[in-house]
Amino acid sequence: MAQVLKLTQSLPQTDSSSSQLAMASDQQQLVDWLQKIGLARHVALLTDDNGDFGFRGLNDLRELSEEETEAIAEAAHMNIGERKRFLRSVKTLQEQASGGNE
C-alpha cells in the first residue's frame, strides 16, 4: 500500500490536475483582488459555483459589459462605495487587458 502511495505521488500531474490547479490559482487571484478593493464580504457570493455569479477568475470580470457589472453590483447588494470601487476596478481590469486602448 505504501508503495502504491509513493508511486502515485511521484507521477506527473495530468492535464486535469494541472487545469484544476490553474483554476484554483485564478480563483485565488480573484479573491485577493476582491479583498484588495475592499469587497471581501462579497467573496463567497461572487465565487459560489452554485450561486448566481460563479466567477472563477479575473478573466470572467474582464469579459463583463458595463451593464452586467452594474447589475452584479446591485444584485450583490453592494453599498454605494463598494459599487463605485467595483465598477471602477472592473473597468481598470478591462483596460489593462486591452493595453489601455479603450
# chains A, B, ... in the order shown; residues from 1 in each chain; ligands from 1
$ residues_around --residues "A:Leu61" --least-positions-apart "5" --cutoff "12 Å" --atoms "only C-alpha atoms" --output "mmCIF file with C-alpha atoms, in the first residue's frame"
data_model
loop_
_atom_site.group_PDB
_atom_site.id
_atom_site.type_symbol
_atom_site.label_atom_id
_atom_site.label_comp_id
_atom_site.auth_asym_id
_atom_site.auth_seq_id
_atom_site.Cartn_x
_atom_site.Cartn_y
_atom_site.Cartn_z
ATOM 1 C CA ASP A 26 -7.225 32.006 -10.946
ATOM 2 C CA GLN A 27 -9.874 31.950 -8.252
ATOM 3 C CA GLN A 29 -6.296 35.884 -7.705
ATOM 4 C CA LEU A 30 -9.959 36.894 -7.862
ATOM 5 C CA TRP A 33 -8.389 41.246 -5.911
ATOM 6 C CA LEU A 34 -11.799 41.484 -4.223
ATOM 7 C CA LEU A 46 -19.365 36.159 -6.206
ATOM 8 C CA THR A 47 -17.336 32.922 -6.339
ATOM 9 C CA PHE A 53 -22.467 34.553 -10.264
ATOM 10 C CA GLY A 54 -19.899 31.726 -10.013
ATOM 11 C CA PHE A 55 -16.892 33.787 -11.048
ATOM 12 C CA ARG A 56 -13.722 31.696 -11.253
ATOM 13 C CA GLU A 66 -20.789 47.845 -18.170
ATOM 14 C CA GLU A 68 -23.619 43.493 -16.456
ATOM 15 C CA THR A 69 -21.139 44.989 -13.990
ATOM 16 C CA GLU A 70 -23.772 47.404 -12.702
ATOM 17 C CA ILE A 72 -23.944 42.442 -10.453
ATOM 18 C CA PHE A 86 -16.264 47.537 -8.101
ATOM 19 C CA LEU A 87 -17.262 49.379 -11.295
ATOM 20 C CA ARG A 88 -14.030 51.388 -11.402
ATOM 21 C CA SER A 89 -11.862 48.336 -10.672
ATOM 22 C CA VAL A 90 -13.539 46.129 -13.291
ATOM 23 C CA LYS A 91 -13.081 48.904 -15.852
ATOM 24 C CA THR A 92 -9.388 49.132 -14.897
ATOM 25 C CA LEU A 93 -9.020 45.345 -15.348
ATOM 26 C CA GLN A 94 -10.578 45.593 -18.782
ATOM 27 C CA GLU A 95 -8.336 48.489 -19.803
ATOM 28 C CA ALA A 97 -6.257 43.563 -20.600
#
$ residues_around --residues "A:Arg41" --least-positions-apart "4" --cutoff "12 Å" --atoms "only C-alpha atoms" --output "PyMOL selection string"
chain A and resi 31+34-37+45-47+76-79+82
$ write_last_selection --atoms "N, CA and C atoms" --output "compact mmCIF listing (two decimals), in the first residue's frame"
# COMPACT_ATOMS: atom_id res chain seq x y z
N VAL A 31 -10.10 36.28 -5.51
CA VAL A 31 -10.34 36.53 -4.08
C VAL A 31 -9.41 37.63 -3.57
N LEU A 34 -10.60 41.00 -4.93
CA LEU A 34 -11.80 41.48 -4.22
C LEU A 34 -11.44 42.03 -2.84
N GLN A 35 -10.55 41.34 -2.15
CA GLN A 35 -10.11 41.81 -0.83
C GLN A 35 -9.36 43.13 -0.96
N LYS A 36 -8.52 43.24 -1.97
CA LYS A 36 -7.71 44.45 -2.18
C LYS A 36 -8.59 45.68 -2.41
N ILE A 37 -9.71 45.51 -3.11
CA ILE A 37 -10.57 46.66 -3.39
C ILE A 37 -11.68 46.83 -2.35
N LEU A 45 -20.26 35.13 -2.17
CA LEU A 45 -21.37 35.32 -3.09
C LEU A 45 -20.90 35.32 -4.55
N LEU A 46 -19.82 36.01 -4.82
CA LEU A 46 -19.36 36.16 -6.21
C LEU A 46 -18.64 34.93 -6.75
N THR A 47 -18.11 34.08 -5.88
CA THR A 47 -17.34 32.92 -6.34
C THR A 47 -18.05 31.58 -6.16
N ALA A 76 -25.70 42.02 -5.83
CA ALA A 76 -24.87 41.63 -4.68
C ALA A 76 -25.10 42.55 -3.49
N HIS A 77 -26.00 43.51 -3.65
CA HIS A 77 -26.33 44.46 -2.58
C HIS A 77 -25.10 45.23 -2.09
N MET A 78 -24.29 45.65 -3.05
CA MET A 78 -23.13 46.47 -2.69
C MET A 78 -23.61 47.86 -2.32
N ASN A 79 -23.03 48.42 -1.27
CA ASN A 79 -23.37 49.80 -0.93
C ASN A 79 -22.75 50.73 -1.97
N GLU A 82 -18.89 50.56 -2.26
CA GLU A 82 -18.47 49.28 -2.84
C GLU A 82 -18.78 49.23 -4.34
$ closest_residue --among "A:Ile80, A:Leu39, A:Asp49, A:Arg62" --to "A:Ser98" --atoms "only C-alpha atoms"
A:Arg62
$ atom_distance --atom1 "atom CA of A:Ala71" --atom2 "atom CA of A:Arg83"
10.1 Å
